[in-house]
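Content type mmCIF, C-alpha atoms, from the file final_34.cif:
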data_model
#
loop_
_atom_site.label_atom_id
_atom_site.label_comp_id
_atom_site.auth_asym_id
_atom_site.auth_seq_id
_atom_site.Cartn_x
_atom_site.Cartn_y
_atom_site.Cartn_z
CA MET A 181 -11.80 7.47 26.41
CA ARG A 182 -14.51 4.92 25.78
CA ASP A 183 -16.61 5.31 22.65
CA GLU A 184 -20.26 6.02 23.32
CA LYS A 185 -22.82 3.79 21.62
CA LEU A 186 -25.12 5.85 19.45
CA ASP A 187 -28.90 5.52 19.75
CA PRO A 188 -31.16 5.02 16.69
CA THR A 189 -31.81 8.75 16.29
CA ALA A 190 -28.09 9.54 16.26
CA ILE A 191 -27.46 6.67 13.84
CA ALA A 192 -30.13 8.00 11.46
CA ALA A 193 -28.58 11.45 11.69
CA GLY A 194 -25.12 10.00 11.03
CA LEU A 195 -26.32 8.00 8.01
CA SER A 196 -27.81 11.15 6.50
CA THR A 197 -24.28 12.63 6.31
CA LEU A 198 -22.99 9.67 4.28
CA GLU A 199 -23.32 8.52 0.68
CA GLY A 200 -24.67 5.06 0.03
CA TRP A 201 -24.11 3.48 3.42
CA VAL A 202 -26.83 1.25 4.90
CA LEU A 203 -27.44 -0.32 8.27
CA ALA A 204 -26.55 -3.99 8.30
CA PRO A 205 -29.83 -5.90 8.76
CA GLY A 206 -30.23 -6.84 12.42
CA GLU A 207 -26.79 -5.57 13.37
CA ASP A 208 -25.23 -2.44 14.80
CA ALA A 209 -23.00 -1.89 11.82
CA ILE A 210 -22.98 0.13 8.61
CA LEU A 211 -22.06 -1.16 5.16
CA ARG A 212 -21.00 0.20 1.81
CA ASP A 213 -19.56 -1.31 -1.37
CA PHE A 214 -17.13 0.66 -3.53
CA THR A 215 -16.42 -0.41 -7.10
CA PHE A 216 -13.51 0.69 -9.27
CA ARG A 217 -12.24 -0.12 -12.76
CA ASN A 218 -9.64 -2.67 -11.74
CA PHE A 219 -7.68 -4.14 -8.86
CA ARG A 220 -4.99 -1.46 -8.94
CA GLU A 221 -7.49 1.34 -8.42
CA ALA A 222 -9.31 -0.61 -5.71
CA PHE A 223 -6.12 -1.33 -3.80
CA GLY A 224 -4.84 2.25 -4.14
CA PHE A 225 -8.12 3.35 -2.57
CA MET A 226 -7.73 0.77 0.19
CA THR A 227 -4.24 2.03 0.98
CA GLN A 228 -5.40 5.63 1.29
CA CYS A 229 -8.26 4.48 3.55
CA ALA A 230 -5.91 2.26 5.58
CA LEU A 231 -3.88 5.38 6.37
CA CYS A 232 -7.08 7.19 7.43
CA ALA A 233 -8.03 4.23 9.63
CA GLU A 234 -4.64 4.09 11.31
CA LYS A 235 -4.74 7.82 11.95
CA LEU A 236 -8.19 7.55 13.55
CA ASP A 237 -7.14 4.36 15.35
CA HIS A 238 -10.33 2.78 14.14
CA HIS A 239 -10.26 -0.02 11.60
CA PRO A 240 -12.73 -1.36 9.08
CA GLU A 241 -13.78 -4.90 8.43
CA TRP A 242 -13.39 -5.01 4.71
CA LYS A 243 -13.34 -7.46 1.86
CA ASN A 244 -11.79 -7.03 -1.55
CA VAL A 245 -12.67 -9.00 -4.66
CA TYR A 246 -10.80 -7.62 -7.68
CA ALA A 247 -12.27 -4.13 -8.27
CA THR A 248 -14.77 -4.14 -5.38
CA VAL A 249 -14.19 -3.17 -1.77
CA SER A 250 -16.95 -4.02 0.71
CA VAL A 251 -16.70 -2.19 4.01
CA ARG A 252 -18.40 -2.89 7.35
CA LEU A 253 -17.94 -0.51 10.24
CA THR A 254 -18.81 -1.06 13.88
CA THR A 255 -17.18 -0.29 17.23
CA HIS A 256 -16.36 -3.36 19.28
CA ASP A 257 -15.56 -1.35 22.41
CA CYS A 258 -19.11 -0.07 22.76
CA GLY A 259 -20.91 -3.00 21.14
CA GLY A 260 -22.53 -0.82 18.53
CA LEU A 261 -22.03 2.19 16.34
CA SER A 262 -20.06 5.18 17.61
CA GLU A 263 -19.07 8.58 16.25
CA ARG A 264 -15.81 7.03 15.07
CA ASP A 265 -17.65 4.78 12.62
CA PHE A 266 -19.24 7.80 10.98
CA LYS A 267 -15.96 9.70 10.98
CA LEU A 268 -14.21 6.82 9.22
CA ALA A 269 -17.16 6.36 6.85
CA ARG A 270 -16.90 10.01 5.82
CA MET A 271 -13.21 9.50 5.05
CA PHE A 272 -14.08 6.52 2.84
CA ASP A 273 -16.70 8.64 1.06
CA LYS A 274 -14.24 11.47 0.56
CA ALA A 275 -11.55 9.18 -0.84
CA ALA A 276 -14.10 7.66 -3.24
CA ALA A 277 -15.44 11.07 -4.30
CA GLN A 278 -11.90 12.22 -5.18
CA ARG A 279 -11.70 9.53 -7.83
CA ASN A 280 -13.37 9.59 -11.23
CA MET B 188 13.45 -9.35 -24.95
CA ARG B 189 15.86 -6.51 -24.59
CA ASP B 190 14.48 -2.98 -24.46
CA GLU B 191 15.51 -0.79 -27.37
CA LYS B 192 17.03 2.57 -26.57
CA LEU B 193 14.97 5.36 -28.14
CA ASP B 194 16.61 8.06 -30.25
CA PRO B 195 15.95 11.79 -29.69
CA THR B 196 13.12 11.88 -32.24
CA ALA B 197 11.33 8.99 -30.59
CA ILE B 198 11.88 10.56 -27.16
CA ALA B 199 10.37 13.86 -28.33
CA ALA B 200 7.41 11.96 -29.77
CA GLY B 201 7.00 10.05 -26.51
CA LEU B 202 7.13 13.21 -24.40
CA SER B 203 4.38 14.76 -26.51
CA THR B 204 2.01 11.98 -25.32
CA LEU B 205 2.66 12.81 -21.66
CA GLU B 206 1.53 15.55 -19.28
CA GLY B 207 4.18 17.58 -17.53
CA TRP B 208 7.15 15.26 -17.91
CA VAL B 209 10.56 16.73 -18.81
CA LEU B 210 13.88 15.30 -19.86
CA ALA B 211 16.36 15.24 -16.99
CA PRO B 212 19.11 17.75 -17.89
CA GLY B 213 22.04 15.87 -19.38
CA GLU B 214 20.55 12.46 -18.70
CA ASP B 215 18.53 9.84 -20.52
CA ALA B 216 15.67 9.98 -18.07
CA ILE B 217 12.29 11.68 -17.75
CA LEU B 218 10.98 13.42 -14.64
CA ARG B 219 7.68 14.54 -13.20
CA ASP B 220 6.50 15.74 -9.80
CA PHE B 221 3.00 14.98 -8.56
CA THR B 222 1.50 16.91 -5.65
CA PHE B 223 -1.53 15.93 -3.60
CA ARG B 224 -3.34 17.36 -0.55
CA ASN B 225 -1.68 15.20 2.05
CA PHE B 226 0.46 12.14 2.66
CA ARG B 227 -2.46 9.71 2.56
CA GLU B 228 -3.45 10.77 -0.94
CA ALA B 229 0.17 10.74 -2.12
CA PHE B 230 0.78 7.25 -0.79
CA GLY B 231 -2.51 5.89 -2.15
CA PHE B 232 -1.37 7.15 -5.56
CA MET B 233 2.04 5.54 -5.07
CA THR B 234 0.43 2.20 -4.26
CA GLN B 235 -1.72 2.26 -7.39
CA CYS B 236 1.36 3.14 -9.44
CA ALA B 237 3.45 0.47 -7.69
CA LEU B 238 0.92 -2.08 -8.92
CA CYS B 239 1.22 -0.67 -12.46
CA ALA B 240 5.00 -0.87 -12.24
CA GLU B 241 4.99 -4.46 -11.03
CA LYS B 242 2.59 -5.45 -13.79
CA LEU B 243 4.83 -3.83 -16.42
CA ASP B 244 7.93 -5.23 -14.68
CA HIS B 245 9.44 -1.78 -14.92
CA HIS B 246 10.05 0.27 -11.79
CA PRO B 247 10.39 3.96 -11.09
CA GLU B 248 13.00 5.78 -9.10
CA TRP B 249 10.80 7.87 -6.90
CA LYS B 250 10.97 10.08 -3.89
CA ASN B 251 8.17 11.05 -1.54
CA VAL B 252 8.13 14.01 0.79
CA TYR B 253 4.75 14.33 2.50
CA ALA B 254 2.28 15.21 -0.29
CA THR B 255 4.75 15.23 -3.18
CA VAL B 256 5.92 12.31 -5.30
CA SER B 257 8.90 12.94 -7.61
CA VAL B 258 9.36 10.33 -10.30
CA ARG B 259 12.35 9.57 -12.51
CA LEU B 260 12.10 6.97 -15.25
CA THR B 261 14.89 5.38 -17.24
CA THR B 262 15.73 1.89 -18.48
CA HIS B 263 18.95 0.48 -17.07
CA ASP B 264 18.99 -2.46 -19.47
CA CYS B 265 19.38 -0.25 -22.50
CA GLY B 266 21.24 2.63 -20.86
CA GLY B 267 18.62 5.17 -21.87
CA LEU B 268 14.92 5.66 -22.42
CA SER B 269 12.79 2.86 -23.84
CA GLU B 270 9.13 2.40 -24.74
CA ARG B 271 8.55 1.00 -21.27
CA ASP B 272 9.41 4.32 -19.65
CA PHE B 273 6.73 6.03 -21.68
CA LYS B 274 4.24 3.26 -21.00
CA LEU B 275 4.81 3.57 -17.26
CA ALA B 276 4.74 7.39 -17.46
CA ARG B 277 1.32 7.22 -19.13
CA MET B 278 0.08 5.02 -16.27
CA PHE B 279 1.30 7.61 -13.76
CA ASP B 280 -0.47 10.35 -15.73
CA LYS B 281 -3.67 8.34 -15.87
CA ALA B 282 -3.63 7.62 -12.14
CA ALA B 283 -3.07 11.32 -11.43
CA ALA B 284 -5.80 12.42 -13.86
CA GLN B 285 -8.31 10.13 -12.11
CA ARG B 286 -7.90 12.14 -8.92
CA ASN B 287 -9.37 15.53 -8.19
CA MET C 209 2.74 20.97 20.98
CA ARG C 210 5.92 22.12 19.31
CA ASP C 211 8.73 19.63 18.83
CA GLU C 212 11.88 20.46 20.75
CA LYS C 213 15.14 20.50 18.79
CA LEU C 214 17.59 18.00 20.26
CA ASP C 215 21.14 19.02 21.12
CA PRO C 216 24.20 17.00 19.99
CA THR C 217 24.31 14.96 23.20
CA ALA C 218 20.66 13.97 22.85
CA ILE C 219 21.20 13.17 19.18
CA ALA C 220 24.14 10.91 19.99
CA ALA C 221 22.06 9.19 22.65
CA GLY C 222 19.21 8.76 20.17
CA LEU C 223 21.47 7.32 17.48
CA SER C 224 22.77 4.73 19.94
CA THR C 225 19.24 3.28 20.17
CA LEU C 226 19.05 2.76 16.41
CA GLU C 227 20.51 0.27 13.94
CA GLY C 228 22.55 1.59 11.05
CA TRP C 229 21.36 5.19 11.01
CA VAL C 230 23.89 7.97 10.48
CA LEU C 231 23.82 11.72 10.74
CA ALA C 232 23.57 13.40 7.35
CA PRO C 233 26.87 15.23 6.80
CA GLY C 234 26.42 18.88 7.68
CA GLU C 235 22.69 18.55 8.26
CA ASP C 236 20.31 18.02 11.13
CA ALA C 237 18.91 14.82 9.71
CA ILE C 238 19.43 11.08 10.06
CA LEU C 239 19.71 8.59 7.21
CA ARG C 240 19.38 4.87 6.64
CA ASP C 241 19.12 2.64 3.59
CA PHE C 242 17.09 -0.56 3.69
CA THR C 243 17.56 -3.24 1.03
CA PHE C 244 15.21 -6.10 0.27
CA ARG C 245 15.09 -8.92 -2.29
CA ASN C 246 12.76 -7.24 -4.75
CA PHE C 247 10.37 -4.37 -5.30
CA ARG C 248 7.41 -6.17 -3.76
CA GLU C 249 9.17 -6.66 -0.46
CA ALA C 250 10.49 -3.09 -0.47
CA PHE C 251 7.06 -1.62 -1.13
CA GLY C 252 5.34 -3.85 1.46
CA PHE C 253 7.86 -2.50 3.98
CA MET C 254 7.16 1.06 2.83
CA THR C 255 3.43 0.57 3.31
CA GLN C 256 3.86 -0.72 6.86
CA CYS C 257 6.14 2.25 7.62
CA ALA C 258 3.73 4.69 5.94
CA LEU C 259 1.08 3.53 8.42
CA CYS C 260 3.53 4.10 11.30
CA ALA C 261 4.32 7.57 9.96
CA GLU C 262 0.67 8.53 9.65
CA LYS C 263 -0.04 7.29 13.17
CA LEU C 264 2.86 9.36 14.55
CA ASP C 265 1.89 12.28 12.30
CA HIS C 266 5.51 12.51 11.28
CA HIS C 267 6.58 11.68 7.76
CA PRO C 268 9.82 10.55 6.18
CA GLU C 269 11.59 11.87 3.15
CA TRP C 270 12.23 8.65 1.33
CA LYS C 271 13.37 7.38 -2.02
CA ASN C 272 12.75 3.99 -3.53
CA VAL C 273 14.74 2.40 -6.33
CA TYR C 274 13.57 -1.18 -6.94
CA ALA C 275 14.57 -3.11 -3.80
CA THR C 276 16.15 -0.24 -1.88
CA VAL C 277 14.45 2.31 0.36
CA SER C 278 16.55 5.30 1.44
CA VAL C 279 15.12 7.23 4.37
CA ARG C 280 15.92 10.71 5.67
CA LEU C 281 14.32 11.98 8.85
CA THR C 282 14.25 15.51 10.18
CA THR C 283 11.67 17.77 11.83
CA HIS C 284 10.84 20.89 9.86
CA ASP C 285 8.89 22.48 12.72
CA CYS C 286 11.95 22.73 14.92
CA GLY C 287 14.59 23.05 12.20
CA GLY C 288 16.48 20.02 13.39
CA LEU C 289 16.10 16.59 14.91
CA SER C 290 13.40 15.92 17.49
CA GLU C 291 12.28 12.95 19.55
CA ARG C 292 9.76 12.15 16.82
CA ASP C 293 12.53 11.43 14.34
CA PHE C 294 13.99 8.82 16.66
CA LYS C 295 10.57 7.37 17.41
CA LEU C 296 9.85 6.96 13.69
CA ALA C 297 13.38 5.63 13.06
CA ARG C 298 12.81 2.92 15.70
CA MET C 299 9.59 1.93 13.93
CA PHE C 300 11.51 1.60 10.65
CA ASP C 301 14.13 -0.54 12.41
CA LYS C 302 11.47 -2.73 13.97
CA ALA C 303 9.68 -3.26 10.66
CA ALA C 304 12.99 -4.18 9.02
CA ALA C 305 14.00 -6.52 11.85
CA GLN C 306 10.70 -8.41 11.52
CA ARG C 307 11.65 -9.43 8.01
CA ASN C 308 14.15 -12.12 7.05
CA MET D 83 -4.45 -19.17 -22.43
CA ARG D 84 -7.33 -20.61 -20.48
CA ASP D 85 -6.60 -21.99 -17.02
CA GLU D 86 -7.14 -25.71 -16.67
CA LYS D 87 -9.36 -26.90 -13.82
CA LEU D 88 -7.43 -29.24 -11.56
CA ASP D 89 -8.84 -32.64 -10.58
CA PRO D 90 -8.97 -33.84 -6.94
CA THR D 91 -5.63 -35.62 -7.19
CA ALA D 92 -3.89 -32.50 -8.50
CA ILE D 93 -5.60 -30.41 -5.81
CA ALA D 94 -4.40 -32.75 -3.07
CA ALA D 95 -0.88 -32.58 -4.52
CA GLY D 96 -1.07 -28.79 -4.65
CA LEU D 97 -2.29 -28.53 -1.06
CA SER D 98 0.66 -30.63 0.10
CA THR D 99 3.02 -27.89 -1.13
CA LEU D 100 1.28 -25.23 0.98
CA GLU D 101 1.24 -24.33 4.67
CA GLY D 102 -2.08 -24.23 6.46
CA TRP D 103 -4.41 -23.94 3.50
CA VAL D 104 -7.63 -25.97 3.45
CA LEU D 105 -10.26 -26.74 0.86
CA ALA D 106 -13.39 -24.66 1.37
CA PRO D 107 -16.15 -27.09 2.38
CA GLY D 108 -18.24 -27.94 -0.66
CA GLU D 109 -16.44 -25.47 -2.90
CA ASP D 110 -13.62 -25.43 -5.39
CA ALA D 111 -11.59 -22.92 -3.44
CA ILE D 112 -8.74 -22.90 -0.92
CA LEU D 113 -8.63 -20.85 2.27
CA ARG D 114 -6.06 -19.60 4.75
CA ASP D 115 -6.07 -17.07 7.58
CA PHE D 116 -2.95 -15.06 8.39
CA THR D 117 -2.65 -13.26 11.71
CA PHE D 118 -0.17 -10.52 12.58
CA ARG D 119 0.49 -8.29 15.61
CA ASN D 120 -1.45 -5.27 14.41
CA PHE D 121 -3.14 -3.63 11.47
CA ARG D 122 0.07 -2.08 10.13
CA GLU D 123 1.78 -5.43 9.79
CA ALA D 124 -1.33 -7.01 8.28
CA PHE D 125 -1.71 -4.28 5.69
CA GLY D 126 2.01 -4.27 4.81
CA PHE D 127 1.64 -8.00 4.13
CA MET D 128 -1.46 -7.35 2.02
CA THR D 129 0.39 -4.78 -0.07
CA GLN D 130 3.28 -7.15 -0.78
CA CYS D 131 0.76 -9.86 -1.74
CA ALA D 132 -1.26 -7.39 -3.85
CA LEU D 133 1.90 -6.80 -5.90
CA CYS D 134 2.35 -10.58 -6.30
CA ALA D 135 -1.27 -10.91 -7.38
CA GLU D 136 -1.01 -8.14 -9.95
CA LYS D 137 2.18 -9.67 -11.34
CA LEU D 138 0.49 -13.07 -11.69
CA ASP D 139 -2.67 -11.40 -12.99
CA HIS D 140 -4.61 -13.51 -10.52
CA HIS D 141 -6.37 -11.91 -7.58
CA PRO D 142 -7.49 -13.14 -4.18
CA GLU D 143 -10.81 -12.74 -2.47
CA TRP D 144 -9.64 -11.51 0.88
CA LYS D 145 -11.00 -9.99 4.04
CA ASN D 146 -9.13 -7.97 6.62
CA VAL D 147 -10.22 -7.40 10.20
CA TYR D 148 -7.52 -5.52 12.12
CA ALA D 149 -4.56 -7.93 12.34
CA THR D 150 -6.13 -10.84 10.44
CA VAL D 151 -6.17 -11.44 6.70
CA SER D 152 -8.48 -14.22 5.44
CA VAL D 153 -7.75 -15.36 1.92
CA ARG D 154 -9.88 -17.39 -0.50
CA LEU D 155 -8.48 -18.45 -3.84
CA THR D 156 -10.32 -19.85 -6.81
CA THR D 157 -10.22 -19.38 -10.59
CA HIS D 158 -13.43 -18.04 -12.07
CA ASP D 159 -12.32 -18.68 -15.65
CA CYS D 160 -12.23 -22.43 -15.16
CA GLY D 161 -14.89 -22.70 -12.47
CA GLY D 162 -12.55 -24.35 -10.02
CA LEU D 163 -8.97 -24.45 -8.82
CA SER D 164 -6.12 -23.98 -11.27
CA GLU D 165 -2.35 -23.94 -11.05
CA ARG D 166 -2.50 -20.18 -10.62
CA ASP D 167 -4.30 -20.53 -7.29
CA PHE D 168 -1.46 -22.65 -5.97
CA LYS D 169 1.15 -20.33 -7.38
CA LEU D 170 -0.45 -17.34 -5.66
CA ALA D 171 -0.96 -19.34 -2.45
CA ARG D 172 2.77 -20.14 -2.38
CA MET D 173 3.53 -16.43 -2.70
CA PHE D 174 1.26 -15.70 0.26
CA ASP D 175 3.03 -18.43 2.25
CA LYS D 176 6.44 -17.05 1.34
CA ALA D 177 5.51 -13.51 2.30
CA ALA D 178 4.16 -14.77 5.64
CA ALA D 179 7.23 -16.95 6.29
CA GLN D 180 9.52 -13.95 5.76
CA ARG D 181 7.92 -12.24 8.75
CA ASN D 182 8.56 -13.04 12.38
#
Is it possible to express this structure as C-alpha cells?
Amino acid sequence: MRDEKLDPTAIAAGLSTLEGWVLAPGEDAILRDFTFRNFREAFGFMTQCALCAEKLDHHPEWKNVYATVSVRLTTHDCGGLSERDFKLARMFDKAAAQRN
Amino acid sequence: MRDEKLDPTAIAAGLSTLEGWVLAPGEDAILRDFTFRNFREAFGFMTQCALCAEKLDHHPEWKNVYATVSVRLTTHDCGGLSERDFKLARMFDKAAAQRN
Amino acid sequence: MRDEKLDPTAIAAGLSTLEGWVLAPGEDAILRDFTFRNFREAFGFMTQCALCAEKLDHHPEWKNVYATVSVRLTTHDCGGLSERDFKLARMFDKAAAQRN
Amino acid sequence: MRDEKLDPTAIAAGLSTLEGWVLAPGEDAILRDFTFRNFREAFGFMTQCALCAEKLDHHPEWKNVYATVSVRLTTHDCGGLSERDFKLARMFDKAAAQRN
C-alpha cells in the first residue's frame, strides 16, 4: 500500500499531536532534537526507537553527537510527509517521555 | 589490578545500597529481575546497560524473555563478589529508575 | 492469526534448514549457542537479531554471558514450535553467517 | 590527560592505516560512509561501534539513513584530530571488515 502524501492542513493537525517537532524550512519533513545526560542514555533511546522503526517499517534519518539525537522524518515513497511519519514521531515522543 | 573478593559484611553493606537485588542462594552472586512494558523498552534498557558494562569492563550474565531482563552479577577473577559487581548493579538500578 | 503447532515431521524438516540448532531435551523448543570474540561483537549481533525479532513480532528467550549468546525459541501461543520459530532461527543463522 | 592535536604529517600517516576515510574539506575531521544491506545490519554495526566508543571514551558524530552510516571523527578537546580519532576509526574499520 502506497503512503499518501499529507496536505498542509493534515500536517498541521499531525504536528499538534506531537511535542517539540517542527517543519523543516522549505522541506516536507519534520524535525526534533532529543538531549540526554550522556551517550549511554542517548544510544539506549536510539535502540528503543530503532525497534519501533523496524516494527513500523519506516526509518528515521537521524544524527547522534554524544548526548544529542537529531531526528528528521519524511516519506520517500510519497515525496512528502505521510501518516507513518507522525506515527513514528509519536513513538519517539513516547520513548523520550518515559525517561527522566 | 585484581578484584578483591568481598566478605559477608561488605556484601551486606553493598546490598543495602541497591534496590531489589538478592544474593543467589548458595552462590557468590547477586540477582535482580527488571520488567518493562514490552520488548522494545527492555532491549533499550539492555543497550544502555551494555554500554555501562563495557565502560566498567565488567559484564553481566543476563537473560531476556520479552519484557523481562534477569541479571546475575559475579566476578570470575576473584571467585566471588567484588566492588565492581556493586558498581555495575548501581548502574542497572539507575538506568531502571530513569524510566517510568 | 494463530500459530499452528508443528508436528515432529515438520520439526525435523525445519531443523534440517538450520545450522547447529537442536531440540531442547523433553521440550518443544529449539536451542543454539553463538560465540563471538568479545562482548561488543556479541551484543552487536544481539541488536541486529532484536530488530529481526521485533519485525517478525516473535521474540527469543536468550542469555548472554560475555561473548556467548544462548538462544531458545518456542511459541507460547501454540504451546510448541511453529513456523515462526524456524523463521526467526534462520534470521539468527544468517546474522551469524555474515560475521567472520 | 589532554589529547594532543596531530600535525599534517601525523594525520597523513594515520589516514594510511585506515580504509576509505578522508579528511573533511577545510576541517580537522575525518569521514567515512559505511553501507549495509538493510537497517538491521546498519544498526547492529552501530551498536558494536557504540560499545567501542564508550570503551575508548571517545564518541563519533554519526548519521544513519536506513542502511548507511556516515561517521565524522574529531577531538573537541584539542580542536583537531588526535590519536583517539584514529584508534576509533580503526575499530569502525575492523567492525565493518568482520561483516560480509
Given 3 Å on each side, where is the centre and what are the edge lengths in Å to one decimal of the axis-aligned box enclosing the listed atoms of segment 233-252 of chain A, as AutoDock Vina command-line options?
--center_x -11.5 --center_y -0.6 --center_z 3.5 --size_x 19.8 --size_y 22.8 --size_z 29.6
Within 9 Å of chain D: residues of chain B, using all atoms listed in the file, as a PyMOL selection string:
chain B and resi 234+237-239+241-244
Who sits within 8 Å of segment 287-297 of chain C, only C-alpha atoms, same chain under 4 positions skipped, as a VMD selection string
chain C and resid 211 to 214 219 222 to 223 226 236 to 237 260 to 261 264 266 281 to 283 301
Quick one: which residues end up in the PyMOL selection byres ((chain B and resi 257) around 8) for this structure, as a VMD selection string?
chain B and resid 218 to 221 249 to 251 255 to 256 258 to 259
Take chain C, lay it over chain D with a least-squares fit on all the Cα atoms in order, then hand it over as a compact mmCIF listing (two decimals) with C-alpha atoms, in the coordinates of the input.
# COMPACT_ATOMS: atom_id res chain seq x y z
CA MET C 209 -4.44 -19.11 -22.43
CA ARG C 210 -7.29 -20.62 -20.48
CA ASP C 211 -6.61 -21.98 -17.01
CA GLU C 212 -7.14 -25.71 -16.69
CA LYS C 213 -9.36 -26.90 -13.84
CA LEU C 214 -7.43 -29.25 -11.56
CA ASP C 215 -8.84 -32.63 -10.59
CA PRO C 216 -8.97 -33.85 -6.95
CA THR C 217 -5.62 -35.63 -7.20
CA ALA C 218 -3.90 -32.51 -8.51
CA ILE C 219 -5.60 -30.42 -5.83
CA ALA C 220 -4.39 -32.75 -3.09
CA ALA C 221 -0.89 -32.60 -4.53
CA GLY C 222 -1.08 -28.81 -4.66
CA LEU C 223 -2.29 -28.53 -1.07
CA SER C 224 0.65 -30.63 0.10
CA THR C 225 3.01 -27.89 -1.14
CA LEU C 226 1.28 -25.24 0.98
CA GLU C 227 1.25 -24.33 4.67
CA GLY C 228 -2.07 -24.23 6.47
CA TRP C 229 -4.41 -23.93 3.49
CA VAL C 230 -7.61 -25.96 3.45
CA LEU C 231 -10.25 -26.72 0.88
CA ALA C 232 -13.39 -24.65 1.37
CA PRO C 233 -16.14 -27.09 2.38
CA GLY C 234 -18.22 -27.94 -0.66
CA GLU C 235 -16.43 -25.47 -2.90
CA ASP C 236 -13.61 -25.43 -5.39
CA ALA C 237 -11.58 -22.93 -3.43
CA ILE C 238 -8.74 -22.89 -0.92
CA LEU C 239 -8.62 -20.85 2.28
CA ARG C 240 -6.06 -19.60 4.75
CA ASP C 241 -6.07 -17.06 7.57
CA PHE C 242 -2.96 -15.06 8.39
CA THR C 243 -2.64 -13.24 11.72
CA PHE C 244 -0.18 -10.50 12.57
CA ARG C 245 0.49 -8.29 15.60
CA ASN C 246 -1.44 -5.26 14.42
CA PHE C 247 -3.14 -3.61 11.47
CA ARG C 248 0.06 -2.07 10.13
CA GLU C 249 1.77 -5.42 9.80
CA ALA C 250 -1.34 -7.02 8.28
CA PHE C 251 -1.71 -4.28 5.69
CA GLY C 252 2.01 -4.27 4.81
CA PHE C 253 1.65 -8.00 4.14
CA MET C 254 -1.46 -7.35 2.03
CA THR C 255 0.39 -4.79 -0.06
CA GLN C 256 3.27 -7.16 -0.77
CA CYS C 257 0.75 -9.87 -1.74
CA ALA C 258 -1.27 -7.41 -3.85
CA LEU C 259 1.89 -6.81 -5.89
CA CYS C 260 2.34 -10.59 -6.29
CA ALA C 261 -1.29 -10.92 -7.38
CA GLU C 262 -1.01 -8.16 -9.95
CA LYS C 263 2.19 -9.67 -11.34
CA LEU C 264 0.50 -13.08 -11.68
CA ASP C 265 -2.68 -11.41 -12.98
CA HIS C 266 -4.61 -13.51 -10.51
CA HIS C 267 -6.37 -11.91 -7.59
CA PRO C 268 -7.49 -13.13 -4.19
CA GLU C 269 -10.80 -12.74 -2.48
CA TRP C 270 -9.65 -11.50 0.87
CA LYS C 271 -11.01 -9.98 4.03
CA ASN C 272 -9.14 -7.97 6.61
CA VAL C 273 -10.21 -7.39 10.19
CA TYR C 274 -7.51 -5.50 12.11
CA ALA C 275 -4.57 -7.93 12.34
CA THR C 276 -6.12 -10.84 10.45
CA VAL C 277 -6.18 -11.44 6.70
CA SER C 278 -8.47 -14.22 5.46
CA VAL C 279 -7.76 -15.36 1.92
CA ARG C 280 -9.87 -17.39 -0.50
CA LEU C 281 -8.47 -18.45 -3.84
CA THR C 282 -10.32 -19.86 -6.81
CA THR C 283 -10.22 -19.38 -10.59
CA HIS C 284 -13.43 -18.03 -12.07
CA ASP C 285 -12.33 -18.68 -15.66
CA CYS C 286 -12.24 -22.42 -15.16
CA GLY C 287 -14.90 -22.71 -12.46
CA GLY C 288 -12.56 -24.36 -10.03
CA LEU C 289 -8.99 -24.46 -8.82
CA SER C 290 -6.12 -23.98 -11.26
CA GLU C 291 -2.34 -23.95 -11.04
CA ARG C 292 -2.51 -20.18 -10.62
CA ASP C 293 -4.30 -20.53 -7.30
CA PHE C 294 -1.47 -22.66 -5.95
CA LYS C 295 1.15 -20.34 -7.38
CA LEU C 296 -0.46 -17.34 -5.66
CA ALA C 297 -0.97 -19.35 -2.45
CA ARG C 298 2.77 -20.15 -2.38
CA MET C 299 3.53 -16.44 -2.72
CA PHE C 300 1.26 -15.71 0.26
CA ASP C 301 3.03 -18.43 2.26
CA LYS C 302 6.43 -17.06 1.34
CA ALA C 303 5.49 -13.51 2.31
CA ALA C 304 4.16 -14.78 5.64
CA ALA C 305 7.23 -16.95 6.30
CA GLN C 306 9.52 -13.94 5.76
CA ARG C 307 7.94 -12.23 8.74
CA ASN C 308 8.59 -13.02 12.39
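Between atom CA of Ala303 of chain C and atom CA of Asn225 of chain B lies a distance of 23.3 Å.
Running the PyMOL selection byres ((chain B and resi 286) around 12) on this file leaves Glu221, Gly224, Phe225, Lys274, Ala275, Ala276, Ala277, Gln278, Arg279 and Asn280 of chain A; Phe221, Thr222, Phe223, Arg224, Glu228, Ala229, Gly231, Phe232, Gln235, Phe279, Asp280, Lys281, Ala282, Ala283, Ala284, Gln285 and Asn287 of chain B selected.
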Store the residues of this selection in a file with C-alpha atoms, as a CSV table (one decimal), keeping the file's coordinate frame.
chain,number,residue,atom,x,y,z
A,221,GLU,CA,-7.5,1.3,-8.4
A,224,GLY,CA,-4.8,2.2,-4.1
A,225,PHE,CA,-8.1,3.4,-2.6
A,274,LYS,CA,-14.2,11.5,0.6
A,275,ALA,CA,-11.6,9.2,-0.8
A,276,ALA,CA,-14.1,7.7,-3.2
A,277,ALA,CA,-15.4,11.1,-4.3
A,278,GLN,CA,-11.9,12.2,-5.2
A,279,ARG,CA,-11.7,9.5,-7.8
A,280,ASN,CA,-13.4,9.6,-11.2
B,221,PHE,CA,3.0,15.0,-8.6
B,222,THR,CA,1.5,16.9,-5.6
B,223,PHE,CA,-1.5,15.9,-3.6
B,224,ARG,CA,-3.3,17.4,-0.6
B,228,GLU,CA,-3.4,10.8,-0.9
B,229,ALA,CA,0.2,10.7,-2.1
B,231,GLY,CA,-2.5,5.9,-2.2
B,232,PHE,CA,-1.4,7.2,-5.6
B,235,GLN,CA,-1.7,2.3,-7.4
B,279,PHE,CA,1.3,7.6,-13.8
B,280,ASP,CA,-0.5,10.4,-15.7
B,281,LYS,CA,-3.7,8.3,-15.9
B,282,ALA,CA,-3.6,7.6,-12.1
B,283,ALA,CA,-3.1,11.3,-11.4
B,284,ALA,CA,-5.8,12.4,-13.9
B,285,GLN,CA,-8.3,10.1,-12.1
B,287,ASN,CA,-9.4,15.5,-8.2
Go ahead and compute the interatomic distance for atom CA of His239 of chain A and atom CA of Val147 of chain D, in Å to one decimal.
7.5 Å
List the spatial neighbours of Ser224 of chain C as number ranges by chain - criterion: any atom at most 12 Å away, all atoms listed in the file, same-chain residues fewer than 6 positions off excluded.
C: 217-218, 230-231, 294, 297-298
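Atom CA of Glu227 of chain C is positioned 22.9 Å from atom CA of Arg248 of chain C.
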